[in-house]
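Pasting entry_18.csv here (CSV, N, CA and C atoms and all ligand atoms):
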```csv
chain,number,residue,atom,x,y,z
F,202,MET,N,110.2,76.7,150.1
F,202,MET,CA,110.1,75.3,149.6
F,202,MET,C,109.8,74.4,150.8
F,203,GLU,N,109.1,73.3,150.5
F,203,GLU,CA,108.7,72.4,151.6
F,203,GLU,C,109.9,71.7,152.2
F,204,THR,N,110.8,71.3,151.3
F,204,THR,CA,112.0,70.5,151.8
F,204,THR,C,112.8,71.4,152.8
F,205,ARG,N,113.0,72.6,152.4
F,205,ARG,CA,113.8,73.5,153.2
F,205,ARG,C,113.1,73.7,154.6
F,206,THR,N,111.8,73.8,154.6
F,206,THR,CA,111.1,73.9,155.9
F,206,THR,C,111.3,72.7,156.8
F,207,SER,N,111.2,71.5,156.2
F,207,SER,CA,111.4,70.3,156.9
F,207,SER,C,112.8,70.2,157.5
F,208,ASN,N,113.8,70.5,156.7
F,208,ASN,CA,115.2,70.4,157.2
F,208,ASN,C,115.4,71.4,158.3
F,209,ALA,N,114.9,72.5,158.2
F,209,ALA,CA,115.1,73.6,159.2
F,209,ALA,C,114.4,73.1,160.5
F,210,ALA,N,113.2,72.5,160.4
F,210,ALA,CA,112.5,72.1,161.6
F,210,ALA,C,113.3,71.0,162.3
F,211,LEU,N,113.8,70.1,161.6
F,211,LEU,CA,114.5,69.0,162.1
F,211,LEU,C,115.9,69.4,162.8
F,212,ARG,N,116.6,70.3,162.1
F,212,ARG,CA,117.8,70.8,162.6
F,212,ARG,C,117.6,71.5,163.9
F,213,GLU,N,116.5,72.3,163.9
F,213,GLU,CA,116.2,73.1,165.1
F,213,GLU,C,116.0,72.1,166.3
F,214,TYR,N,115.3,71.0,166.0
F,214,TYR,CA,115.1,70.0,167.1
F,214,TYR,C,116.4,69.4,167.6
F,215,LEU,N,117.2,69.0,166.6
F,215,LEU,CA,118.5,68.4,167.0
F,215,LEU,C,119.4,69.3,167.7
F,216,ASP,N,119.4,70.6,167.3
F,216,ASP,CA,120.3,71.5,168.0
F,216,ASP,C,119.8,71.8,169.4
F,217,ALA,N,118.6,71.5,169.7
F,217,ALA,CA,118.0,71.7,171.1
F,217,ALA,C,118.7,70.7,172.1
F,218,ILE,N,119.2,69.6,171.6
F,218,ILE,CA,119.8,68.7,172.5
F,218,ILE,C,121.3,68.7,172.2
F,219,HIS,N,122.0,69.3,173.2
F,219,HIS,CA,123.5,69.3,173.1
F,219,HIS,C,124.0,67.9,173.4
F,220,GLU,N,125.2,67.6,172.8
F,220,GLU,CA,125.7,66.2,173.0
F,220,GLU,C,125.9,65.9,174.4
F,221,LYS,N,126.4,66.8,175.2
F,221,LYS,CA,126.7,66.5,176.6
F,221,LYS,C,125.4,66.2,177.3
F,222,GLU,N,124.4,67.0,177.1
F,222,GLU,CA,123.1,66.8,177.7
F,222,GLU,C,122.5,65.5,177.3
F,223,LEU,N,122.7,65.1,176.0
F,223,LEU,CA,122.2,63.9,175.5
F,223,LEU,C,122.9,62.7,176.2
F,224,LYS,N,124.2,62.8,176.4
F,224,LYS,CA,124.9,61.8,177.2
F,224,LYS,C,124.3,61.6,178.6
F,225,ASP,N,124.1,62.8,179.3
F,225,ASP,CA,123.5,62.8,180.6
F,225,ASP,C,122.2,62.1,180.6
F,226,VAL,N,121.4,62.3,179.6
F,226,VAL,CA,120.1,61.7,179.5
F,226,VAL,C,120.2,60.2,179.4
F,227,LEU,N,121.1,59.8,178.5
F,227,LEU,CA,121.3,58.4,178.2
F,227,LEU,C,121.9,57.7,179.4
F,228,ILE,N,122.7,58.3,180.2
F,228,ILE,CA,123.2,57.7,181.4
F,228,ILE,C,122.1,57.5,182.4
F,229,LYS,N,121.2,58.5,182.6
F,229,LYS,CA,120.1,58.4,183.5
F,229,LYS,C,119.2,57.3,183.0
F,230,LEU,N,119.0,57.1,181.7
F,230,LEU,CA,118.1,56.1,181.2
F,230,LEU,C,118.8,54.7,181.2
F,231,GLU,N,120.1,54.7,181.5
F,231,GLU,CA,120.9,53.5,181.5
F,231,GLU,C,121.0,52.9,180.0
F,232,LEU,N,121.1,53.8,179.1
F,232,LEU,CA,121.2,53.4,177.7
F,232,LEU,C,122.5,53.8,177.0
F,233,LEU,N,123.4,54.4,177.7
F,233,LEU,CA,124.6,54.9,177.1
F,233,LEU,C,125.5,53.7,176.7
F,234,ASP,N,125.6,52.7,177.5
F,234,ASP,CA,126.4,51.5,177.1
F,234,ASP,C,125.8,50.9,175.8
F,235,ALA,N,124.5,50.7,175.8
F,235,ALA,CA,123.9,50.1,174.6
F,235,ALA,C,124.2,50.9,173.3
F,236,ILE,N,124.1,52.2,173.5
F,236,ILE,CA,124.4,53.1,172.3
F,236,ILE,C,125.8,53.0,171.9
F,237,GLU,N,126.7,53.1,172.9
F,237,GLU,CA,128.2,53.0,172.6
F,237,GLU,C,128.6,51.7,172.0
F,238,ASN,N,127.9,50.6,172.4
F,238,ASN,CA,128.2,49.3,171.9
F,238,ASN,C,127.5,49.0,170.6
F,239,GLY,N,126.7,50.0,170.1
F,239,GLY,CA,126.1,49.8,168.8
F,239,GLY,C,124.9,48.8,168.8
F,240,GLU,N,124.3,48.7,170.0
F,240,GLU,CA,123.2,47.8,170.1
F,240,GLU,C,121.8,48.3,169.9
F,241,MET,N,121.7,49.6,169.6
F,241,MET,CA,120.4,50.2,169.4
F,241,MET,C,120.2,50.5,167.9
F,242,ASN,N,119.0,50.2,167.4
F,242,ASN,CA,118.8,50.5,166.0
F,242,ASN,C,117.6,51.5,165.8
F,243,CYS,N,117.7,52.2,164.7
F,243,CYS,CA,116.6,53.1,164.4
F,243,CYS,C,115.3,52.3,164.2
F,244,PHE,N,114.3,52.9,164.8
F,244,PHE,CA,112.9,52.3,164.8
F,244,PHE,C,112.4,52.1,163.4
F,245,ILE,N,112.8,53.0,162.5
F,245,ILE,CA,112.2,53.0,161.2
F,245,ILE,C,113.2,52.3,160.2
F,246,CYS,N,114.4,52.7,160.1
F,246,CYS,CA,115.3,52.1,159.0
F,246,CYS,C,116.2,51.0,159.6
F,247,GLU,N,116.2,50.9,160.9
F,247,GLU,CA,117.0,49.8,161.6
F,247,GLU,C,118.5,50.0,161.4
F,248,LYS,N,118.9,51.2,161.0
F,248,LYS,CA,120.3,51.5,161.0
F,248,LYS,C,120.8,51.6,162.5
F,249,THR,N,122.1,51.3,162.8
F,249,THR,CA,122.6,51.4,164.1
F,249,THR,C,122.6,52.8,164.5
F,250,VAL,N,122.1,53.1,165.7
F,250,VAL,CA,122.0,54.5,166.2
F,250,VAL,C,123.2,54.7,167.2
F,251,ARG,N,124.0,55.7,166.9
F,251,ARG,CA,125.1,56.0,167.8
F,251,ARG,C,124.9,57.5,168.3
F,252,LEU,N,125.8,57.9,169.2
F,252,LEU,CA,125.7,59.2,169.8
F,252,LEU,C,125.7,60.3,168.7
F,253,ASN,N,126.4,60.1,167.6
F,253,ASN,CA,126.4,61.1,166.6
F,253,ASN,C,125.3,61.1,165.5
F,254,ASN,N,124.4,60.1,165.7
F,254,ASN,CA,123.3,60.1,164.7
F,254,ASN,C,121.9,59.9,165.4
F,255,ILE,N,121.8,60.2,166.7
F,255,ILE,CA,120.5,60.0,167.4
F,255,ILE,C,119.6,61.2,166.9
F,256,GLY,N,118.4,60.8,166.5
F,256,GLY,CA,117.5,61.8,166.1
F,256,GLY,C,116.5,62.1,167.3
F,257,ILE,N,115.8,61.0,167.7
F,257,ILE,CA,114.8,61.1,168.7
F,257,ILE,C,114.8,59.9,169.6
F,258,ILE,N,114.5,60.1,170.9
F,258,ILE,CA,114.3,59.0,171.8
F,258,ILE,C,112.8,59.1,172.2
F,259,PHE,N,112.2,57.9,172.2
F,259,PHE,CA,110.8,57.9,172.6
F,259,PHE,C,110.5,56.6,173.3
F,260,VAL,N,109.3,56.5,173.9
F,260,VAL,CA,108.9,55.3,174.6
F,260,VAL,C,107.7,54.7,173.9
F,261,GLN,N,107.9,53.4,173.6
F,261,GLN,CA,106.7,52.6,173.1
F,261,GLN,C,106.7,51.3,173.8
F,262,ASP,N,105.5,50.9,174.2
F,262,ASP,CA,105.2,49.7,175.0
F,262,ASP,C,106.2,49.6,176.1
F,263,GLY,N,106.5,50.7,176.8
F,263,GLY,CA,107.3,50.7,178.0
F,263,GLY,C,108.8,50.5,177.7
F,264,GLU,N,109.2,50.6,176.4
F,264,GLU,CA,110.6,50.5,176.1
F,264,GLU,C,111.1,51.7,175.4
F,265,PHE,N,112.4,52.1,175.6
F,265,PHE,CA,112.9,53.2,174.9
F,265,PHE,C,113.3,52.8,173.5
F,266,LYS,N,112.9,53.6,172.5
F,266,LYS,CA,113.2,53.4,171.1
F,266,LYS,C,113.9,54.6,170.6
F,267,PHE,N,114.7,54.4,169.5
F,267,PHE,CA,115.4,55.5,168.9
F,267,PHE,C,115.1,55.7,167.5
F,268,LEU,N,115.2,56.9,167.0
F,268,LEU,CA,115.3,57.2,165.6
F,268,LEU,C,116.6,57.7,165.3
F,269,CYS,N,117.1,57.4,164.1
F,269,CYS,CA,118.4,58.0,163.6
F,269,CYS,C,118.1,59.4,163.2
F,270,ASP,N,119.1,60.1,162.7
F,270,ASP,CA,118.9,61.6,162.4
F,270,ASP,C,118.4,61.8,161.0
F,271,SER,N,118.0,60.7,160.3
F,271,SER,CA,117.5,60.9,158.9
F,271,SER,C,116.2,61.6,159.0
F,272,LYS,N,116.0,62.6,158.1
F,272,LYS,CA,114.7,63.3,158.2
F,272,LYS,C,113.6,62.4,157.6
F,273,ASN,N,114.0,61.5,156.7
F,273,ASN,CA,113.0,60.5,156.2
F,273,ASN,C,112.4,59.7,157.3
F,274,CYS,N,113.3,59.2,158.3
F,274,CYS,CA,112.8,58.5,159.4
F,274,CYS,C,111.9,59.3,160.3
F,275,TYR,N,112.3,60.6,160.5
F,275,TYR,CA,111.6,61.5,161.3
F,275,TYR,C,110.1,61.7,160.8
F,276,TRP,N,110.1,61.9,159.5
F,276,TRP,CA,108.7,62.1,158.9
F,276,TRP,C,107.9,60.9,158.8
F,277,GLU,N,108.6,59.7,158.6
F,277,GLU,CA,107.8,58.5,158.6
F,277,GLU,C,107.3,58.2,160.0
F,278,PHE,N,108.1,58.5,161.0
F,278,PHE,CA,107.7,58.3,162.4
F,278,PHE,C,106.5,59.2,162.7
F,279,MET,N,106.6,60.4,162.3
F,279,MET,CA,105.4,61.4,162.6
F,279,MET,C,104.2,60.9,161.8
F,280,ARG,N,104.4,60.4,160.6
F,280,ARG,CA,103.2,59.9,159.8
F,280,ARG,C,102.6,58.7,160.6
F,281,ARG,N,103.4,57.8,161.0
F,281,ARG,CA,102.8,56.6,161.7
F,281,ARG,C,102.1,57.0,163.0
F,282,ARG,N,102.7,57.9,163.7
F,282,ARG,CA,102.1,58.4,165.0
F,282,ARG,C,100.8,59.0,164.7
F,283,GLY,N,100.7,59.8,163.6
F,283,GLY,CA,99.5,60.5,163.3
F,283,GLY,C,98.4,59.5,162.9
F,284,SER,N,98.8,58.4,162.2
F,284,SER,CA,97.8,57.5,161.8
F,284,SER,C,97.3,56.6,162.9
F,285,GLN,N,98.1,56.5,164.0
F,285,GLN,CA,97.7,55.6,165.1
F,285,GLN,C,96.5,56.3,165.9
F,286,GLU,N,96.5,57.6,165.9
F,286,GLU,CA,95.6,58.3,166.8
F,286,GLU,C,94.3,58.8,166.1
G,1,ZN,ZN,116.5,55.7,160.5
```
Would you give me this structure, written as structure tokens?
Ligand SMILES: [Zn+2]
Amino acid sequence: METRTSNAALREYLDAIHEKELKDVLIKLELLDAIENGEMNCFICEKTVRLNNIGIIFVQDGEFKFLCDSKNCYWEFMRRRGSQE
């Protein structure tokens, strides 16, 4: 089923980033405080992104942006990226 494939792909991606490694990355990017203070929102659904629901970190217009861990946001993000190029 298509849904199962999508979930598996997303889970595989999320598992690739261990929470400790994620924190290290956020500290390097000086974004950990903003995340812990609930100041960052999902680029797609605008839900507050925290350590336990970060899906993707990416750069747009020289700024770091986040996606939450919703697979709908992930696929919407991929769709928008695809249509830009
Ligand atoms: Zn979202």
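Between F:Lys224 and the candidates F:Lys266, F:Leu252, F:Met279, F:Lys272, the tightest atom-to-atom separation, counting only N, CA and C atoms, involves F:Leu252.
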Step by step, measure atom-to-atom distances between ligand ZN 1 (chain G) and each residue using only C-alpha atoms and all ligand atoms, keep those at most 10 Å, then write them as a PyMOL selection string. chain F and resi 242-250+254-257+267-275+277-278
Could you tell me how far atom CA of F:Trp276 lies from atom CA of F:Gln261, in Å and to one decimal? 17.2 Å
Using only C-alpha atoms, the residue out of F:Gly283, F:Val226, F:His219, F:Phe265 with shortest distance to F:Met241 is F:Phe265
Just how far from atom CA of F:Glu240 is atom C of F:Leu223, in Å to one decimal?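 Atom-to-atom, atom C of F:Leu223 and atom CA of F:Glu240 are spaced 16.1 Å apart.
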Students should find that atom C of F:Arg251 and atom N of F:Asn238 are spaced 8.6 Å
Listed atoms of stretch 266-271 of chain F boxed axis-aligned with 4 Å per side, centre + edges as lines of an AutoDock Vina configuration file:
```
center_x = 116.0
center_y = 57.6
center_z = 165.7
size_x = 14.2
size_y = 16.4
size_z = 21.6
```
